[in-house]
Amino acid sequence: MSTKETADVHQQRTRVAIIGAGPAGLLLGHVLAARGIPFVVVEHRSREHVLGRVRAGVLEQSSVDVLAQLGLADGLRADGLVHGGILLQHESERFHVDFEELVGRTVTVYGQQRVQADLMAAHDTLGSEIVYGAAEVSPGHLDGRPVVRFTLDGEQHAVEADFLVGADGFHGVTKSLIPADLLAPSEREYDAAWLGVLADVPPSTDELIYALHRDGFAMHSMRSPSVSRLYVQVAPDERIEDWSDDRIWDALDTRLAVPGWRLQHGPITEKSITRMRSSVVSTMAHGRVFLVGDAGHIVPPTGAKGLNSAIADVAMLGEALAAESAGDDGPLATYSDRALERQWKVQQFSEYMTDLLHVPGSAVPAEEREFRYRSRLGRLRYIGGSRFAQQSVAEQYTGLAIR
Ligand code: FAD
Ligand code: DHB
C-alpha cells in the first residue's frame, strides 16, 4: 500500500525491493513469499514484453528441484520433456552421453517463456506487488537504506527497503550502486554468435544434438512435441535480414547431417541473433545491495547455464535473506563468495563447451583455424571414447549442487 508522504511522490516501505521481473526477480519473490517476507518487484518493461522473450530451454535437475520445492513445477511436470542425455556430433558421427547411466541425473527441456509464465501466474494467485512498465527506474540510498525510485503513469514513486536485489539482467541499473573498483567484471568476448529459430515442426531427434562442423556449430533442441528450437553459429556482425528461412535450413541440413538421418523442416515462427560473451563481477554484494542472475554474470549459451545460474543464485540468496530475518546474518555475509565460487565453475564449463563446439572466426589465420578445428575433433573423439570425460560432462551439464 502506498501513502503520499512527500508532495507528489508515492512512498512505500518494504523488506526487499527487487529490480527486474525476469525469472530471477520473480523466483526470488516466490522464495520470499514462502517465508512471509514482504517484497516489491519493479520492472521497466510491460508484462507482455517480458512474457514474449524467447530464450533458454534447458533446466538442470537442481533447478527443477528448486521450482518443485516452491510448488512451481506443475507446468514443468505436465509439459517438460525429461532428457536422460545429449548427443554430441562431429564429422557426421554422433554419440550419446547418457546422463542417467553416468551420473543418475536428468535435465528437463522447458522453455524460459513457460517458466516465466508459470512464475507470473503464481504471483497473480498470491496477489504479489509487481510493477510492470515502470519508467526511469533509479536505485539509490536514503538515510543509509536502499530506495528504488521510478515513474509510473507519469507519477513518481519511491520504494524504501531493508535490502535491494538487482535481478535486472546484464544491462541493469542496480550494479551502479557498487563502486567500479569492487564490481570489476572479468570478461571474454567470443568471435561467434548464435542464430536461433523456433519452427513449427516436430523435433527430428529425441535428445538435444550439439554438432561441430567445419562451417560452424549447429544444435537441435525443442520446445514441445510439435515445436523445434534450432541454432547455427554465425559471425557476431551477421544481420538477421541476410538469413532467409531457406538459408537457415540449408545450414542446419549441412551441419547436422549424419548418414540415415533427416532433419524435418517446417515454418519458422521466430528468429534472432544472440552475441556471446562471458562476464563475471568480482562481488555480488555491497552493503544492503545484492545481485542475482545475469545482473552478476553471463555465459555463452552452449552449456545451457544462464537461466540455471540465475535460479541457483536466487535459491542461495533467498535462503540467506530468510535466515537474516530469523536473526542469523551468516549466510547473507557469505552469499557473494558462495555464488561466485559456484559461478566460476559454471563459467569454465560454458567456456569449455563453447570452445569445444565452435570454429574460430575469420580473424584467426587459416593454418591456425585448421589446427584448432582438428584439435576440437580430437577433443570430441576423446570424450566419445572416455567414460571419465563423459561423466564430467554429465555431472556439469545436469548441474552442480547449490550450497
Ligand atoms: P533477465 O531475464 O535478463 O531479466 C532481467 C529483467 O530485468 C528483465 O525483465 C528486464 O526487462 C529487467 N530490467 C532490466 N533493466 C531494468 C531496469 N533498469 N529497471 C527495471 N527492470 C529492468 N540462456 C541459456 O541458458 N540458453 C539460451 O539459449 C539462452 N538464450 C538467450 C537469448 C537471449 C537473447 C538472452 C538475452 C539471454 C539468453 N540466455 C540463454 C540467458 C538466459 O535467458 C538468462 O541467463 C536469464 O534470462 C537470466 O535471468 P535474469 O532474470 O537474471 O535476467
Ligand atoms: C537450448 C539453449 C541452449 O543454450 C542449450 O545449450 C540447449 C538448449 C534451447 O534453447 O533449447
# chains A, B, ... in the order shown; residues from 1 in each chain; ligands from 1

call {"tool": "residues_near_ligand", "arguments": {"ligand": "ligand 1", "cutoff": "6 Å", "atoms": "only C-alpha atoms and all ligand atoms", "output": "number ranges by chain"}}
result
A: 19-25, 42-45, 50, 55-57, 137, 167-169, 171-173, 274, 293-295, 301, 304-307, 310

call {"tool": "write_last_selection", "arguments": {"atoms": "N, CA, C and O atoms", "output": "compact mmCIF listing (two decimals), in the first residue's frame"}}
result
# COMPACT_ATOMS: atom_id res chain seq x y z
N ILE A 19 14.67 -5.27 -8.33
CA ILE A 19 14.57 -4.62 -9.65
C ILE A 19 14.70 -5.71 -10.71
O ILE A 19 15.69 -6.44 -10.76
N GLY A 20 13.66 -5.82 -11.58
CA GLY A 20 13.67 -6.82 -12.66
C GLY A 20 12.72 -7.96 -12.39
O GLY A 20 12.80 -8.61 -11.36
N ALA A 21 11.78 -8.17 -13.33
CA ALA A 21 10.80 -9.27 -13.19
C ALA A 21 11.06 -10.36 -14.21
O ALA A 21 10.14 -10.97 -14.75
N GLY A 22 12.34 -10.61 -14.51
CA GLY A 22 12.71 -11.79 -15.30
C GLY A 22 12.60 -13.01 -14.39
O GLY A 22 12.06 -12.92 -13.28
N PRO A 23 13.11 -14.15 -14.83
CA PRO A 23 12.99 -15.35 -13.99
C PRO A 23 13.64 -15.18 -12.61
O PRO A 23 13.08 -15.65 -11.61
N ALA A 24 14.79 -14.48 -12.53
CA ALA A 24 15.46 -14.35 -11.23
C ALA A 24 14.60 -13.53 -10.26
O ALA A 24 14.37 -13.94 -9.12
N GLY A 25 14.12 -12.37 -10.71
CA GLY A 25 13.35 -11.49 -9.83
C GLY A 25 12.05 -12.13 -9.36
O GLY A 25 11.70 -12.10 -8.18
N VAL A 42 10.06 -4.27 -9.22
CA VAL A 42 9.87 -3.14 -10.16
C VAL A 42 10.52 -3.51 -11.50
O VAL A 42 11.72 -3.76 -11.56
N GLU A 43 9.72 -3.54 -12.55
CA GLU A 43 10.17 -3.97 -13.88
C GLU A 43 9.90 -2.84 -14.88
O GLU A 43 8.81 -2.27 -14.88
N HIS A 44 10.86 -2.54 -15.74
CA HIS A 44 10.64 -1.40 -16.65
C HIS A 44 9.90 -1.77 -17.94
O HIS A 44 9.40 -0.90 -18.62
N ARG A 45 9.85 -3.06 -18.27
CA ARG A 45 9.13 -3.47 -19.48
C ARG A 45 7.68 -3.82 -19.13
O ARG A 45 7.34 -4.04 -17.97
N VAL A 50 7.89 -8.95 -21.34
CA VAL A 50 8.67 -9.91 -20.53
C VAL A 50 8.28 -11.34 -20.91
O VAL A 50 9.13 -12.21 -21.07
N ARG A 55 14.06 -17.39 -25.01
CA ARG A 55 15.45 -17.52 -24.58
C ARG A 55 15.80 -18.98 -24.29
O ARG A 55 15.67 -19.82 -25.16
N ALA A 56 16.24 -19.24 -23.06
CA ALA A 56 16.81 -20.55 -22.74
C ALA A 56 15.77 -21.67 -22.77
O ALA A 56 14.56 -21.41 -22.81
N GLY A 57 16.25 -22.91 -22.74
CA GLY A 57 15.32 -24.02 -22.82
C GLY A 57 15.59 -25.22 -21.93
O GLY A 57 14.74 -26.10 -21.82
N VAL A 137 13.67 3.96 -13.82
CA VAL A 137 13.95 3.19 -12.59
C VAL A 137 15.35 3.55 -12.10
O VAL A 137 16.33 3.43 -12.84
N ALA A 167 17.96 -7.88 -9.93
CA ALA A 167 17.67 -9.05 -10.77
C ALA A 167 17.38 -8.49 -12.17
O ALA A 167 16.49 -8.95 -12.87
N ASP A 168 18.15 -7.45 -12.53
CA ASP A 168 17.81 -6.66 -13.71
C ASP A 168 18.70 -6.94 -14.91
O ASP A 168 18.85 -6.09 -15.79
N GLY A 169 19.26 -8.14 -14.96
CA GLY A 169 19.94 -8.57 -16.18
C GLY A 169 21.27 -7.87 -16.41
O GLY A 169 21.71 -7.03 -15.62
N HIS A 171 22.32 -5.63 -18.50
CA HIS A 171 22.37 -4.18 -18.70
C HIS A 171 21.64 -3.41 -17.59
O HIS A 171 21.28 -2.25 -17.77
N GLY A 172 21.43 -4.08 -16.47
CA GLY A 172 20.64 -3.48 -15.40
C GLY A 172 21.30 -2.29 -14.72
O GLY A 172 22.49 -2.01 -14.93
N VAL A 173 20.52 -1.62 -13.86
CA VAL A 173 20.99 -0.38 -13.22
C VAL A 173 21.48 -0.60 -11.78
O VAL A 173 22.16 0.26 -11.23
N THR A 274 21.97 -13.87 -31.20
CA THR A 274 22.47 -13.53 -29.86
C THR A 274 23.99 -13.58 -29.86
O THR A 274 24.57 -14.61 -30.23
N GLY A 293 21.62 -13.61 -10.84
CA GLY A 293 21.43 -13.92 -12.25
C GLY A 293 22.31 -13.10 -13.17
O GLY A 293 23.45 -12.74 -12.84
N ASP A 294 21.75 -12.78 -14.35
CA ASP A 294 22.51 -12.07 -15.39
C ASP A 294 23.03 -10.71 -14.91
O ASP A 294 23.96 -10.17 -15.51
N ALA A 295 22.46 -10.15 -13.88
CA ALA A 295 22.97 -8.88 -13.35
C ALA A 295 24.40 -9.04 -12.86
O ALA A 295 25.18 -8.08 -12.87
N PRO A 301 25.79 -19.36 -24.49
CA PRO A 301 24.69 -20.29 -24.20
C PRO A 301 25.00 -21.79 -24.33
O PRO A 301 24.16 -22.61 -23.97
N ALA A 304 24.00 -24.23 -21.70
CA ALA A 304 22.63 -24.00 -21.18
C ALA A 304 22.65 -23.58 -19.71
O ALA A 304 21.90 -24.10 -18.89
N LYS A 305 23.53 -22.64 -19.37
CA LYS A 305 23.72 -22.32 -17.95
C LYS A 305 23.14 -20.98 -17.48
O LYS A 305 23.10 -20.72 -16.27
N GLY A 306 22.73 -20.09 -18.41
CA GLY A 306 22.31 -18.75 -17.99
C GLY A 306 21.15 -18.78 -17.01
O GLY A 306 21.25 -18.30 -15.87
N LEU A 307 20.05 -19.35 -17.42
CA LEU A 307 18.85 -19.41 -16.58
C LEU A 307 19.12 -20.24 -15.31
O LEU A 307 18.70 -19.88 -14.21
N ALA A 310 20.94 -18.30 -12.72
CA ALA A 310 20.05 -17.33 -12.07
C ALA A 310 19.23 -18.03 -10.97
O ALA A 310 19.08 -17.52 -9.86

call {"tool": "residues_near_ligand", "arguments": {"ligand": "ligand 2", "cutoff": "10 Å", "atoms": "only C-alpha atoms and all ligand atoms", "output": "PyMOL selection string"}}
result
chain A and resi 54-59+86+108-112+194+196-198+208-210+219-223+228-231+299-307+350+353-354+397

call {"tool": "select_by_dssp", "arguments": {"residues": "stretch 207-248 of chain A", "states": "alpha helix (DSSP H)", "output": "VMD selection string"}}
result
chain A and resid 245 to 248

call {"tool": "write_last_selection", "arguments": {"atoms": "C-alpha atoms", "output": "PDB file, in the first residue's frame"}}
result
ATOM      1  CA  ASP A 245      14.498 -19.338 -43.944  1.00  0.00           C
ATOM      2  CA  ASP A 246      15.942 -21.397 -46.821  1.00  0.00           C
ATOM      3  CA  ARG A 247      19.485 -20.338 -45.969  1.00  0.00           C
ATOM      4  CA  ILE A 248      18.936 -21.311 -42.328  1.00  0.00           C
TER       5      ILE A 248
END

call {"tool": "closest_residue", "arguments": {"among": "A:Asp242, A:Asp215, A:Asp143, A:Glu189", "to": "A:Arg255", "atoms": "only C-alpha atoms"}}
result
A:Asp215

call {"tool": "closest_residue", "arguments": {"among": "A:Phe290, A:Tyr335, A:Phe39, A:Tyr352", "to": "A:Glu160", "atoms": "only C-alpha atoms"}}
result
A:Phe39

call {"tool": "residues_around", "arguments": {"residues": "A:Gly361", "least_positions_apart": "2", "cutoff": "9 Å", "atoms": "only C-alpha atoms", "output": "list in words"}}
result
Tyr190, Asp191, Ala192, Ala235, Val359, Ala363, Val364 and Arg369 of chain A

call {"tool": "write_last_selection", "arguments": {"atoms": "N, CA and C atoms", "output": "PDB file, in the first residue's frame"}}
result
ATOM      1  N   TYR A 190      33.545 -13.543 -27.541  1.00  0.00           N
ATOM      2  CA  TYR A 190      33.753 -14.636 -28.496  1.00  0.00           C
ATOM      3  C   TYR A 190      33.538 -14.085 -29.904  1.00  0.00           C
ATOM      4  N   ASP A 191      34.299 -14.628 -30.859  1.00  0.00           N
ATOM      5  CA  ASP A 191      34.099 -14.148 -32.229  1.00  0.00           C
ATOM      6  C   ASP A 191      33.048 -15.017 -32.927  1.00  0.00           C
ATOM      7  N   ALA A 192      31.944 -15.252 -32.222  1.00  0.00           N
ATOM      8  CA  ALA A 192      30.845 -16.054 -32.768  1.00  0.00           C
ATOM      9  C   ALA A 192      29.537 -15.598 -32.134  1.00  0.00           C
ATOM     10  N   ALA A 235      28.702 -15.270 -37.668  1.00  0.00           N
ATOM     11  CA  ALA A 235      29.646 -14.233 -37.229  1.00  0.00           C
ATOM     12  C   ALA A 235      28.884 -13.224 -36.365  1.00  0.00           C
ATOM     13  N   VAL A 359      33.802 -23.117 -34.385  1.00  0.00           N
ATOM     14  CA  VAL A 359      35.015 -22.901 -35.179  1.00  0.00           C
ATOM     15  C   VAL A 359      35.429 -21.437 -35.021  1.00  0.00           C
ATOM     16  N   ALA A 363      39.180 -13.877 -38.200  1.00  0.00           N
ATOM     17  CA  ALA A 363      40.353 -13.142 -37.720  1.00  0.00           C
ATOM     18  C   ALA A 363      41.530 -14.086 -37.456  1.00  0.00           C
ATOM     19  N   VAL A 364      41.235 -15.375 -37.261  1.00  0.00           N
ATOM     20  CA  VAL A 364      42.289 -16.354 -36.980  1.00  0.00           C
ATOM     21  C   VAL A 364      42.884 -16.829 -38.311  1.00  0.00           C
ATOM     22  N   ARG A 369      43.394 -21.945 -37.867  1.00  0.00           N
ATOM     23  CA  ARG A 369      41.986 -22.398 -37.862  1.00  0.00           C
ATOM     24  C   ARG A 369      41.939 -23.910 -38.047  1.00  0.00           C
TER      25      ARG A 369
END

call {"tool": "residues_around", "arguments": {"residues": "A:Asp162", "least_positions_apart": "4", "cutoff": "10 Å", "atoms": "only C-alpha atoms", "output": "PyMOL selection string"}}
result
chain A and resi 13-17+39+144-147+288-289

call {"tool": "write_last_selection", "arguments": {"atoms": "C-alpha atoms", "output": "PDB file, in the first residue's frame"}}
result
ATOM      1  CA  ARG A  13       8.313   0.695   2.632  1.00  0.00           C
ATOM      2  CA  THR A  14       9.039  -2.985   2.196  1.00  0.00           C
ATOM      3  CA  ARG A  15      11.575  -5.546   3.383  1.00  0.00           C
ATOM      4  CA  VAL A  16      13.105  -6.456  -0.003  1.00  0.00           C
ATOM      5  CA  ALA A  17      12.948  -4.347  -3.175  1.00  0.00           C
ATOM      6  CA  PHE A  39       8.789  -7.580  -1.191  1.00  0.00           C
ATOM      7  CA  GLY A 144      21.554   4.533   4.741  1.00  0.00           C
ATOM      8  CA  ARG A 145      18.810   2.299   3.348  1.00  0.00           C
ATOM      9  CA  PRO A 146      18.207   1.320  -0.266  1.00  0.00           C
ATOM     10  CA  VAL A 147      15.478   3.048  -2.214  1.00  0.00           C
ATOM     11  CA  ARG A 288      22.442  -3.991   1.635  1.00  0.00           C
ATOM     12  CA  VAL A 289      22.584  -4.416  -2.161  1.00  0.00           C
TER      13      VAL A 289
END

call {"tool": "decode", "arguments": {"residues": "stretch 263-366 of chain A", "atoms": "C-alpha atoms", "output": "PDB file, in the first residue's frame"}}
result
ATOM      1  CA  LEU A 263      16.109 -33.032 -40.376  1.00  0.00           C
ATOM      2  CA  GLN A 264      12.408 -32.238 -40.780  1.00  0.00           C
ATOM      3  CA  HIS A 265      11.684 -28.674 -41.961  1.00  0.00           C
ATOM      4  CA  GLY A 266       8.675 -26.526 -41.055  1.00  0.00           C
ATOM      5  CA  PRO A 267       7.519 -22.909 -40.844  1.00  0.00           C
ATOM      6  CA  ILE A 268       9.946 -20.693 -38.892  1.00  0.00           C
ATOM      7  CA  THR A 269       7.954 -18.561 -36.443  1.00  0.00           C
ATOM      8  CA  GLU A 270      10.765 -16.621 -34.704  1.00  0.00           C
ATOM      9  CA  LYS A 271      14.404 -15.891 -35.471  1.00  0.00           C
ATOM     10  CA  SER A 272      17.078 -13.802 -33.772  1.00  0.00           C
ATOM     11  CA  ILE A 273      20.832 -13.491 -33.319  1.00  0.00           C
ATOM     12  CA  THR A 274      22.465 -13.533 -29.864  1.00  0.00           C
ATOM     13  CA  ARG A 275      26.067 -12.481 -29.379  1.00  0.00           C
ATOM     14  CA  MET A 276      28.216 -14.492 -26.998  1.00  0.00           C
ATOM     15  CA  ARG A 277      30.104 -13.128 -24.071  1.00  0.00           C
ATOM     16  CA  SER A 278      31.344 -14.290 -20.674  1.00  0.00           C
ATOM     17  CA  SER A 279      31.310 -11.778 -17.827  1.00  0.00           C
ATOM     18  CA  VAL A 280      31.503 -12.153 -14.048  1.00  0.00           C
ATOM     19  CA  VAL A 281      31.531  -9.370 -11.477  1.00  0.00           C
ATOM     20  CA  SER A 282      34.020  -9.537  -8.602  1.00  0.00           C
ATOM     21  CA  THR A 283      31.335  -9.122  -5.969  1.00  0.00           C
ATOM     22  CA  MET A 284      27.602  -9.913  -5.902  1.00  0.00           C
ATOM     23  CA  ALA A 285      27.018  -7.899  -2.716  1.00  0.00           C
ATOM     24  CA  HIS A 286      27.721  -4.452  -1.358  1.00  0.00           C
ATOM     25  CA  GLY A 287      26.185  -3.406   1.953  1.00  0.00           C
ATOM     26  CA  ARG A 288      22.442  -3.991   1.635  1.00  0.00           C
ATOM     27  CA  VAL A 289      22.584  -4.416  -2.161  1.00  0.00           C
ATOM     28  CA  PHE A 290      22.768  -7.863  -3.807  1.00  0.00           C
ATOM     29  CA  LEU A 291      22.947  -9.101  -7.398  1.00  0.00           C
ATOM     30  CA  VAL A 292      21.394 -12.296  -8.801  1.00  0.00           C
ATOM     31  CA  GLY A 293      21.431 -13.923 -12.250  1.00  0.00           C
ATOM     32  CA  ASP A 294      22.509 -12.070 -15.388  1.00  0.00           C
ATOM     33  CA  ALA A 295      22.968  -8.879 -13.351  1.00  0.00           C
ATOM     34  CA  GLY A 296      26.092 -10.504 -11.929  1.00  0.00           C
ATOM     35  CA  HIS A 297      27.271 -12.831 -14.665  1.00  0.00           C
ATOM     36  CA  ILE A 298      26.565 -14.035 -18.181  1.00  0.00           C
ATOM     37  CA  VAL A 299      27.787 -17.051 -20.129  1.00  0.00           C
ATOM     38  CA  PRO A 300      27.762 -18.061 -23.789  1.00  0.00           C
ATOM     39  CA  PRO A 301      24.686 -20.290 -24.204  1.00  0.00           C
ATOM     40  CA  THR A 302      26.452 -23.543 -25.201  1.00  0.00           C
ATOM     41  CA  GLY A 303      26.215 -25.251 -21.805  1.00  0.00           C
ATOM     42  CA  ALA A 304      22.634 -24.004 -21.181  1.00  0.00           C
ATOM     43  CA  LYS A 305      23.721 -22.320 -17.949  1.00  0.00           C
ATOM     44  CA  GLY A 306      22.307 -18.752 -17.987  1.00  0.00           C
ATOM     45  CA  LEU A 307      18.849 -19.412 -16.578  1.00  0.00           C
ATOM     46  CA  ASN A 308      20.105 -22.209 -14.334  1.00  0.00           C
ATOM     47  CA  SER A 309      22.728 -19.938 -12.749  1.00  0.00           C
ATOM     48  CA  ALA A 310      20.051 -17.332 -12.066  1.00  0.00           C
ATOM     49  CA  ILE A 311      17.935 -19.972 -10.299  1.00  0.00           C
ATOM     50  CA  ALA A 312      20.939 -21.135  -8.231  1.00  0.00           C
ATOM     51  CA  ASP A 313      21.742 -17.559  -7.120  1.00  0.00           C
ATOM     52  CA  VAL A 314      18.136 -16.958  -6.131  1.00  0.00           C
ATOM     53  CA  ALA A 315      17.958 -20.184  -4.123  1.00  0.00           C
ATOM     54  CA  MET A 316      21.098 -19.147  -2.207  1.00  0.00           C
ATOM     55  CA  LEU A 317      20.124 -15.505  -1.684  1.00  0.00           C
ATOM     56  CA  GLY A 318      16.517 -16.357  -0.787  1.00  0.00           C
ATOM     57  CA  GLU A 319      17.686 -18.741   1.950  1.00  0.00           C
ATOM     58  CA  ALA A 320      20.178 -16.140   3.186  1.00  0.00           C
ATOM     59  CA  LEU A 321      17.556 -13.383   3.381  1.00  0.00           C
ATOM     60  CA  ALA A 322      15.217 -15.752   5.222  1.00  0.00           C
ATOM     61  CA  ALA A 323      17.987 -16.646   7.705  1.00  0.00           C
ATOM     62  CA  GLU A 324      18.691 -12.941   8.245  1.00  0.00           C
ATOM     63  CA  SER A 325      15.030 -12.323   9.011  1.00  0.00           C
ATOM     64  CA  ALA A 326      15.241 -15.123  11.572  1.00  0.00           C
ATOM     65  CA  GLY A 327      18.255 -13.474  13.223  1.00  0.00           C
ATOM     66  CA  ASP A 328      21.181 -15.264  11.511  1.00  0.00           C
ATOM     67  CA  ASP A 329      23.092 -12.958   9.155  1.00  0.00           C
ATOM     68  CA  GLY A 330      25.870 -15.506   8.480  1.00  0.00           C
ATOM     69  CA  PRO A 331      24.517 -16.877   5.152  1.00  0.00           C
ATOM     70  CA  LEU A 332      23.935 -13.352   3.822  1.00  0.00           C
ATOM     71  CA  ALA A 333      27.525 -12.381   4.640  1.00  0.00           C
ATOM     72  CA  THR A 334      28.849 -15.327   2.603  1.00  0.00           C
ATOM     73  CA  TYR A 335      26.312 -15.135  -0.267  1.00  0.00           C
ATOM     74  CA  SER A 336      28.591 -13.372  -2.744  1.00  0.00           C
ATOM     75  CA  ASP A 337      31.532 -15.724  -2.161  1.00  0.00           C
ATOM     76  CA  ARG A 338      29.347 -18.831  -2.411  1.00  0.00           C
ATOM     77  CA  ALA A 339      27.548 -17.633  -5.538  1.00  0.00           C
ATOM     78  CA  LEU A 340      30.820 -16.650  -7.252  1.00  0.00           C
ATOM     79  CA  GLU A 341      32.577 -19.899  -6.345  1.00  0.00           C
ATOM     80  CA  ARG A 342      29.778 -21.884  -7.998  1.00  0.00           C
ATOM     81  CA  GLN A 343      29.577 -19.410 -10.891  1.00  0.00           C
ATOM     82  CA  TRP A 344      33.261 -19.723 -11.804  1.00  0.00           C
ATOM     83  CA  LYS A 345      32.846 -23.494 -12.091  1.00  0.00           C
ATOM     84  CA  VAL A 346      29.871 -22.852 -14.372  1.00  0.00           C
ATOM     85  CA  GLN A 347      31.850 -20.272 -16.357  1.00  0.00           C
ATOM     86  CA  GLN A 348      34.667 -22.682 -17.131  1.00  0.00           C
ATOM     87  CA  PHE A 349      32.143 -25.335 -18.272  1.00  0.00           C
ATOM     88  CA  SER A 350      30.350 -22.861 -20.549  1.00  0.00           C
ATOM     89  CA  GLU A 351      33.689 -21.741 -21.993  1.00  0.00           C
ATOM     90  CA  TYR A 352      34.773 -25.382 -22.424  1.00  0.00           C
ATOM     91  CA  MET A 353      31.578 -26.332 -24.289  1.00  0.00           C
ATOM     92  CA  THR A 354      31.781 -23.184 -26.421  1.00  0.00           C
ATOM     93  CA  ASP A 355      35.429 -23.724 -27.375  1.00  0.00           C
ATOM     94  CA  LEU A 356      34.747 -27.425 -27.993  1.00  0.00           C
ATOM     95  CA  LEU A 357      31.925 -26.897 -30.473  1.00  0.00           C
ATOM     96  CA  HIS A 358      32.614 -23.640 -32.347  1.00  0.00           C
ATOM     97  CA  VAL A 359      35.015 -22.901 -35.179  1.00  0.00           C
ATOM     98  CA  PRO A 360      37.194 -19.780 -34.919  1.00  0.00           C
ATOM     99  CA  GLY A 361      36.213 -16.665 -36.848  1.00  0.00           C
ATOM    100  CA  SER A 362      37.953 -15.194 -39.881  1.00  0.00           C
ATOM    101  CA  ALA A 363      40.353 -13.142 -37.720  1.00  0.00           C
ATOM    102  CA  VAL A 364      42.289 -16.354 -36.980  1.00  0.00           C
ATOM    103  CA  PRO A 365      44.848 -17.256 -39.719  1.00  0.00           C
ATOM    104  CA  ALA A 366      43.869 -20.229 -41.934  1.00  0.00           C
TER     105      ALA A 366
END
